[in-house]
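J.: Take this structure first; my questions come after.
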Amino acid sequence: MAKILLKNGRVIDPAARLDKVADVLVENGRIKSVAEHIEADGAEVIDVSGKVVTPGLIDMHVHLREPGQEAKEDIESGTMAAAAGGYTTVATMPNTKPVIDTAALVRSVEKRIEEAARVHVRVIGAVTKGQQGKELAELGDMVEAGAVAFSDDGHFDSTAKVLLNAYDYLHTYDKVIINHEEETSLVEDGVMNEGHASAMLGMKGRPTVAEDIAVARDILLAEYAGARVHIAHISSGKSVQLVREAKARGVRVTAEATPQHMTMTDEMVNLYDSSTKVNPPLRSQQDVDAVVAGLIDGTIDMIVTDHSPHAQEEKDQEYLFAPSGFPGLETAVGVLLTDLVDTGKLPLPLMIEKMTYAPARIFDLGEGVGTLSAGAPADITVIDTEKEWVVDAHDFYTKGSHSPFVGRTLKGKPVLTMVDGRIVMRDGVVD
Amino acid sequence: MEKNNVSMRGKNILALKDFSPEEIDLVLNTAKEMKNIIHRDIKKLPTLRGKSIVTLFYEPSTRTRTSFELAGKYLGADVVNITSGTSSIVKGESLRDTLYTVAAMGVDAIVMRHKAEGAAEYASHVVSPVIINAGDGAHAHPSQGLLNLFTIKENKGHLEGLKVAILGDVLHSRVARSDIYGMRAMGMEVHIAGPKTLLPRFLCEEPGIVVHERIEEAIADADVIEVLRIQLERMKGGLFPTTREYARIFGLNEERLALAKDDVLVLHPGPMNKGWEISPFVSYGDNSAIQEEVQNGVAVRMALYTLTLMGGRA
């Protein structure tokens, strides 16, 4: 593998607290050095002046839909979307068909990743058999097969007792459980946030309190067990406060938030277009502001997309019948830069930390991952923060076409993605 | 109806939220002319001759579907009815494909009822015929809202300043959501009341309406009372203890009716759960306009067809 020299970019490496114009030299799939004015004989020189060079982006909450739901997405299309969006590592959720709840299934997905993936993929295993919330899945076996974390994402079915058992059992392996927090009895018919908008549209609501009591329960159980818990796609302001308070008293809780829950509200729901349908739902402006504040003050550790593509014909239905979720890998950077960084709410280096070093550290993704340290795998993203573009589903690599960001003009786009020293995306083209 | 320059030709009738007061006036004035036709011995006008209308009903209905059908027929249109139980819908055809199929046959208007909120609006984005929403889930039922306004105006002579009490199952009611927009647009004072479990939690944030938990407060000095149907078929239980208790605490009976103005007008969109949300004495009493509403419904729907398909010119 040849040498590549990225010249004159604004290099942001949160782990090293680095933010300056410099060169990055990659050799044999690893970071060789980051310094000013590097000369390297025989290296392919790529001028990235005016652009931002960061550790490869990491998304710990992605649905690649394999096995069993390839009409929605597969490992190839999903990781092409990841590469297009500047991601070099994604973690795939286990709510597939069948549910990834055994070591054999983890290994079979890893086999498919070897064959088809364009970026690194880590496998998240189910906490309970079939994600039914009743019996523990073979967690130890899955850890040994390479599962990076565990989640019954999409469900909140475990009783307190089952979750407590899972916490205790996984303590041995120091693996994190990622919890989807919506108390089932309060959301079973709901299709959007319960608020003024749902009241006037006549839609059944999914109230914030459903999330809040779930977050409270799972934090208290983790505190009791001394376990680690990660709160998935936090969306309620009160839940953010619960995490903040738990962190203050030393609970081993971490949390993630999505671009949509930091930029969109339930007032944006159009009943004729299911693109905004997602769980947890788009909330009020007050909640959006609280989530952004939580991200900035450190309550929320990382940004994820919850990339949840569905087949065209599934989303192209009555709002009530369409499945929840939409693709996010190819729009996240543009949305975050446009709505949070450009507006002065979120400093760019902090955004990068939440998408690189923070997830790598919390999920222990390996030596050097999420950094530009010498010797680290050469997973690098180059972002043109000035590039204006219009989101068009026809340009997506994901099979999902219904995104609430379609039609928006965004400022900022990844223009190069490098995985282990290999360029997998350049100027928006994944090869 | 020539006095304001509003045209509704080609307008999709999706929700009263999309109606200006001028458009509502236009519908009510046109409906008044149409009502005369219903009283004729031979009720057939050539206004819509050569126009075709499909009623596409995914939910059961007696009065609304028949009303839309007769309204079209009185005006000379060809009307075809499709109900979900007897069409390709049972074979799993998507709404988009059903709409394409209907539109491809050259229809001018599709009257649609569907359990999913937004289904009619979706249809308006999929095909080009005029879409008339005959009820989409708990969202909207604009022709019902208009016929309520028509009935009130016929009886009271005006709308502005009247106090209306809307009672009962607001949570599941597309009628209430149509009334709120329509009545507020026409300057009525809208009061809403029912058990708290049947009132959407954040309804009180909507400007221009007053929400009560005791129906007596809403009824006091009301000019109009509309009792909504308790939609048991949309409930999973637990929203109120028993129908007996509901009737006792929230039902409209003669005693509670007496709290309103003497000439209060009582409306109900039907079908009624008689004996609990409304007592028979009230529903058949002197103040009731419930049967009148049914006739007015035909007139209002004739007006909607004429205005959207012909631009209002007979």
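Letters A, B, ... mark the chains of the structure tokens in the order given; residue numbers begin at 1 per chain; ligand numbers begin at 1, in order shown.
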Write out as number ranges by chain which residues come within 8 Å of A:Met60 when counting only C-alpha atoms, dropping same-chain ones fewer than 3 positions away.

T.: A: 90-92, 304, 359

J.: Taking only C-alpha atoms into account, what are the residues of chain B at most 6 Å from chain A, put as number ranges by chain?

T.: B: 116, 118-119, 121-122, 138-139, 200, 202-203

J.: Report the distance between atom CA of A:Leu186 and atom CA of A:Arg206 in Å, rounded to one decimal place.

T.: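 Pair atom CA of A:Leu186 / atom CA of A:Arg206 returns 6.7 Å.
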
J.: Near A:Val291, counting only C-alpha atoms, which residues have an atom at most 8 Å away, once you skip same-chain residues fewer than 6 positions from it, shown as a PyMOL selection string?

T.: chain A and resi 234-237+240+257+261-262+300

J.: Go ahead and write the selection's residues with C-alpha atoms as a PDB file, in the first residue's frame.

T.:
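Resulting contents of out26.pdb:
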ATOM      1  CA  ILE A 234     -31.843  10.688  23.637  1.00  0.00           C
ATOM      2  CA  SER A 235     -34.569  13.115  22.637  1.00  0.00           C
ATOM      3  CA  SER A 236     -36.323  14.432  25.740  1.00  0.00           C
ATOM      4  CA  GLY A 237     -35.015  17.386  27.705  1.00  0.00           C
ATOM      5  CA  VAL A 240     -30.970  14.752  29.356  1.00  0.00           C
ATOM      6  CA  ALA A 257     -28.011  11.995  20.266  1.00  0.00           C
ATOM      7  CA  HIS A 261     -33.258  15.235  17.484  1.00  0.00           C
ATOM      8  CA  MET A 262     -30.962  18.259  17.621  1.00  0.00           C
ATOM      9  CA  ILE A 300     -24.328  13.599  25.860  1.00  0.00           C
TER      10      ILE A 300
END

J.: Here is a test: counting only C-alpha atoms, which residue of B:Ile42, B:Ile249, B:Val266, B:Met105 is nearest to B:Tyr284?

T.: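 Using only C-alpha atoms, B:Tyr284 sits closest to B:Val266.
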
J.: With a distance cut-off of 9 Å and only C-alpha atoms, select the neighbouring residues of stretch 149-157 of chain A, excluding the residue or stretch itself and same-chain residues fewer than 4 positions from it, and output the selection as a PyMOL selection string.

T.: chain A and resi 91+93-95+122-128+130-134+139+143+175-184+214+232+279+363

J.: What's the 9 Å shell around stretch 293-307 of chain B, counting only C-alpha atoms, without same-chain residues fewer than 5 positions away, as a ChimeraX atom specification?

T.: /B:7-11,13,26-38,47-48,63-64,66-72,74-75,109,132,143-144,146-148,150-151,267-269,312-314

J.: Tell me, as a list in words, which residues lie within 9 Å of B:Ala222, counting only C-alpha atoms; anything in the same chain fewer than 5 positions away does not count.

T.: Leu162, Lys163, Val164, Ala165, His191, Leu259, Ala260, Lys261, Val264 and Leu265 of chain B

J.: Find the residues around A:Thr356 up to 9 Å (only C-alpha atoms counted), leave out those fewer than 2 positions away in its own chain, and share them as a list in words.

T.: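 These residues fall inside the cut-off: Asp13, Pro14, Ala15, Thr54, Pro55, Gly56, Leu57, Ile58, Asp59, Met302, Met351, Ile352, Glu353, Lys354, Ala358, Pro359, Ala360, Arg361, Val369, Gly370 and Thr371 of chain A.
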
J.: Take the residues from that selection and put them in a file with N, CA and C atoms, as a short mmCIF file (atom, residue, chain, number, x, y, z; two decimals), in the first residue's frame.

T.:
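Saved the output as again.cif:
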data_model
loop_
_atom_site.label_atom_id
_atom_site.label_comp_id
_atom_site.auth_asym_id
_atom_site.auth_seq_id
_atom_site.Cartn_x
_atom_site.Cartn_y
_atom_site.Cartn_z
N ASP A 13 -7.74 16.84 15.66
CA ASP A 13 -7.59 15.52 16.31
C ASP A 13 -7.91 15.70 17.79
N PRO A 14 -9.18 15.52 18.15
CA PRO A 14 -9.59 15.85 19.52
C PRO A 14 -8.79 15.12 20.59
N ALA A 15 -8.39 13.87 20.32
CA ALA A 15 -7.65 13.12 21.34
C ALA A 15 -6.34 13.81 21.69
N THR A 54 -9.96 15.07 9.71
CA THR A 54 -10.30 14.54 11.04
C THR A 54 -10.09 13.03 11.08
N PRO A 55 -10.01 12.48 12.27
CA PRO A 55 -10.06 11.02 12.35
C PRO A 55 -11.33 10.53 11.66
N GLY A 56 -11.30 9.35 11.11
CA GLY A 56 -12.48 8.81 10.44
C GLY A 56 -13.68 8.84 11.38
N LEU A 57 -14.82 9.24 10.86
CA LEU A 57 -16.00 9.36 11.71
C LEU A 57 -16.52 7.98 12.11
N ILE A 58 -17.11 7.93 13.29
CA ILE A 58 -17.61 6.66 13.86
C ILE A 58 -19.08 6.84 14.21
N ASP A 59 -19.88 5.88 13.82
CA ASP A 59 -21.32 5.93 14.13
C ASP A 59 -21.71 4.62 14.80
N MET A 302 -21.87 11.41 22.56
CA MET A 302 -21.55 11.18 21.14
C MET A 302 -22.75 11.46 20.26
N MET A 351 -17.78 18.86 17.86
CA MET A 351 -18.57 17.99 16.99
C MET A 351 -17.72 16.79 16.55
N ILE A 352 -16.47 17.05 16.16
CA ILE A 352 -15.61 15.97 15.68
C ILE A 352 -15.31 14.98 16.82
N GLU A 353 -15.07 15.53 18.00
CA GLU A 353 -14.80 14.63 19.14
C GLU A 353 -15.97 13.68 19.38
N LYS A 354 -17.19 14.23 19.27
CA LYS A 354 -18.39 13.42 19.54
C LYS A 354 -18.62 12.37 18.45
N ALA A 358 -14.73 10.12 21.10
CA ALA A 358 -15.66 9.76 22.18
C ALA A 358 -16.24 8.35 22.00
N PRO A 359 -16.83 8.05 20.85
CA PRO A 359 -17.34 6.68 20.71
C PRO A 359 -16.23 5.63 20.75
N ALA A 360 -15.06 5.94 20.20
CA ALA A 360 -13.96 4.96 20.20
C ALA A 360 -13.55 4.62 21.64
N ARG A 361 -13.53 5.65 22.47
CA ARG A 361 -13.10 5.45 23.87
C ARG A 361 -14.18 4.70 24.65
N VAL A 369 -7.90 4.02 17.43
CA VAL A 369 -9.12 4.28 16.66
C VAL A 369 -9.74 5.59 17.14
N GLY A 370 -10.18 6.39 16.20
CA GLY A 370 -10.78 7.67 16.55
C GLY A 370 -9.78 8.77 16.79
N THR A 371 -8.50 8.49 16.45
CA THR A 371 -7.45 9.51 16.62
C THR A 371 -6.59 9.56 15.35
#

J.: Give the alpha helix (DSSP H) residues of stretch 80-240 of chain A, as DSSP finds them on the backbone, and put them as number ranges by chain.

T.: A: 80-84, 103-116, 139-145, 160-171, 184-187, 196-201, 208-225, 237-240

J.: Write a file of the just-selected residues containing C-alpha atoms, as an mmCIF file, in the first residue's frame.

T.:
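What landed in part20.cif:
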data_model
loop_
_atom_site.group_PDB
_atom_site.id
_atom_site.type_symbol
_atom_site.label_atom_id
_atom_site.label_comp_id
_atom_site.auth_asym_id
_atom_site.auth_seq_id
_atom_site.Cartn_x
_atom_site.Cartn_y
_atom_site.Cartn_z
ATOM 1 C CA MET A 80 -21.148 2.741 0.808
ATOM 2 C CA ALA A 81 -23.514 5.263 2.372
ATOM 3 C CA ALA A 82 -21.198 5.385 5.384
ATOM 4 C CA ALA A 83 -18.181 6.056 3.170
ATOM 5 C CA ALA A 84 -20.092 8.767 1.315
ATOM 6 C CA ALA A 103 -22.268 -16.147 18.368
ATOM 7 C CA ALA A 104 -22.938 -18.032 15.132
ATOM 8 C CA LEU A 105 -24.986 -15.128 13.828
ATOM 9 C CA VAL A 106 -22.370 -12.602 14.905
ATOM 10 C CA ARG A 107 -19.765 -14.603 12.979
ATOM 11 C CA SER A 108 -21.972 -14.919 9.904
ATOM 12 C CA VAL A 109 -22.483 -11.156 9.835
ATOM 13 C CA GLU A 110 -18.757 -10.663 10.253
ATOM 14 C CA LYS A 111 -18.219 -12.952 7.265
ATOM 15 C CA ARG A 112 -20.543 -10.798 5.196
ATOM 16 C CA ILE A 113 -18.717 -7.699 6.426
ATOM 17 C CA GLU A 114 -15.435 -9.175 5.186
ATOM 18 C CA GLU A 115 -17.005 -9.795 1.784
ATOM 19 C CA ALA A 116 -19.023 -6.656 1.257
ATOM 20 C CA LEU A 139 -23.898 -12.758 25.720
ATOM 21 C CA GLY A 140 -20.562 -14.295 26.663
ATOM 22 C CA ASP A 141 -20.372 -16.286 23.441
ATOM 23 C CA MET A 142 -21.173 -13.187 21.430
ATOM 24 C CA VAL A 143 -18.481 -11.181 23.234
ATOM 25 C CA GLU A 144 -15.978 -13.856 22.271
ATOM 26 C CA ALA A 145 -17.248 -13.812 18.686
ATOM 27 C CA ALA A 160 -36.387 -4.571 35.241
ATOM 28 C CA LYS A 161 -35.330 -8.024 36.411
ATOM 29 C CA VAL A 162 -34.130 -9.149 32.978
ATOM 30 C CA LEU A 163 -32.189 -5.941 32.433
ATOM 31 C CA LEU A 164 -30.595 -6.184 35.859
ATOM 32 C CA ASN A 165 -29.483 -9.713 35.026
ATOM 33 C CA ALA A 166 -28.022 -8.521 31.744
ATOM 34 C CA TYR A 167 -26.136 -5.737 33.495
ATOM 35 C CA ASP A 168 -24.715 -8.169 36.036
ATOM 36 C CA TYR A 169 -23.836 -10.816 33.494
ATOM 37 C CA LEU A 170 -22.025 -8.384 31.196
ATOM 38 C CA HIS A 171 -20.093 -6.830 34.076
ATOM 39 C CA THR A 184 -44.032 0.461 25.785
ATOM 40 C CA SER A 185 -47.442 1.000 27.345
ATOM 41 C CA LEU A 186 -47.173 4.741 26.746
ATOM 42 C CA VAL A 187 -46.179 4.566 23.094
ATOM 43 C CA HIS A 196 -49.577 20.524 20.475
ATOM 44 C CA ALA A 197 -48.854 19.324 16.931
ATOM 45 C CA SER A 198 -50.170 15.806 17.553
ATOM 46 C CA ALA A 199 -53.218 17.216 19.349
ATOM 47 C CA MET A 200 -54.189 19.311 16.342
ATOM 48 C CA LEU A 201 -53.370 16.629 13.767
ATOM 49 C CA THR A 208 -41.573 12.429 26.458
ATOM 50 C CA VAL A 209 -42.494 10.881 29.793
ATOM 51 C CA ALA A 210 -42.310 7.452 28.141
ATOM 52 C CA GLU A 211 -38.640 8.125 27.465
ATOM 53 C CA ASP A 212 -38.036 9.755 30.827
ATOM 54 C CA ILE A 213 -39.302 6.897 32.966
ATOM 55 C CA ALA A 214 -37.384 4.396 30.837
ATOM 56 C CA VAL A 215 -34.174 6.396 31.165
ATOM 57 C CA ALA A 216 -34.753 6.781 34.902
ATOM 58 C CA ARG A 217 -35.350 3.063 35.373
ATOM 59 C CA ASP A 218 -32.340 1.994 33.365
ATOM 60 C CA ILE A 219 -30.043 4.491 35.068
ATOM 61 C CA LEU A 220 -31.202 3.415 38.518
ATOM 62 C CA LEU A 221 -30.708 -0.242 37.662
ATOM 63 C CA ALA A 222 -27.224 0.448 36.293
ATOM 64 C CA GLU A 223 -26.388 2.444 39.386
ATOM 65 C CA TYR A 224 -27.575 -0.382 41.604
ATOM 66 C CA ALA A 225 -25.627 -2.983 39.651
ATOM 67 C CA GLY A 237 -35.015 17.386 27.705
ATOM 68 C CA LYS A 238 -35.936 15.773 30.993
ATOM 69 C CA SER A 239 -34.039 12.621 30.025
ATOM 70 C CA VAL A 240 -30.970 14.752 29.356
#

J.: Report as a ChimeraX atom specification: the residues of stretch 132-287 of chain B with a DSSP assignment of strand (DSSP E or B), based on the backbone of this structure.

T.: /B:132-136,140,163-167,189-193,209-212,224-227,252,265-267,274,278

J.: At most 9 Å is the cut-off: for each residue in stretch 278-313 of chain A with any atom that close to an atom of stretch 398-408 of chain A, write down the nearest atom pair and the distance in Å rounded to one decimal, counting only C-alpha atoms, chain first then increasing number, as CSV.

T.:
residue,atom,partner,partner_atom,distance
A:Ser308,CA,A:Gly400,CA,7.8
A:Pro309,CA,A:Gly400,CA,4.3
A:His310,CA,A:Gly400,CA,5.2
A:Ala311,CA,A:Gly400,CA,5.9
A:Gln312,CA,A:Ser401,CA,6.3

J.: Now that the selection is made, can you save its residues with N, CA and C atoms as a short mmCIF file (atom, residue, chain, number, x, y, z; two decimals), in the first residue's frame?

T.:
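That gives us result.cif:
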data_model
loop_
_atom_site.label_atom_id
_atom_site.label_comp_id
_atom_site.auth_asym_id
_atom_site.auth_seq_id
_atom_site.Cartn_x
_atom_site.Cartn_y
_atom_site.Cartn_z
N SER A 308 -31.60 4.38 9.67
CA SER A 308 -32.63 3.33 9.64
C SER A 308 -33.37 3.34 8.32
N PRO A 309 -32.71 2.87 7.26
CA PRO A 309 -33.37 2.90 5.96
C PRO A 309 -34.50 1.87 5.87
N HIS A 310 -35.50 2.21 5.09
CA HIS A 310 -36.56 1.27 4.75
C HIS A 310 -36.74 1.28 3.25
N ALA A 311 -37.39 0.22 2.74
CA ALA A 311 -37.64 0.15 1.31
C ALA A 311 -38.61 1.27 0.91
N GLN A 312 -38.43 1.73 -0.30
CA GLN A 312 -39.28 2.80 -0.86
C GLN A 312 -40.76 2.52 -0.62
#

J.: Take atom CA of B:Thr55 and atom CA of B:Ala134 and report the distance between them in Å, one decimal.

T.: 8.9 Å
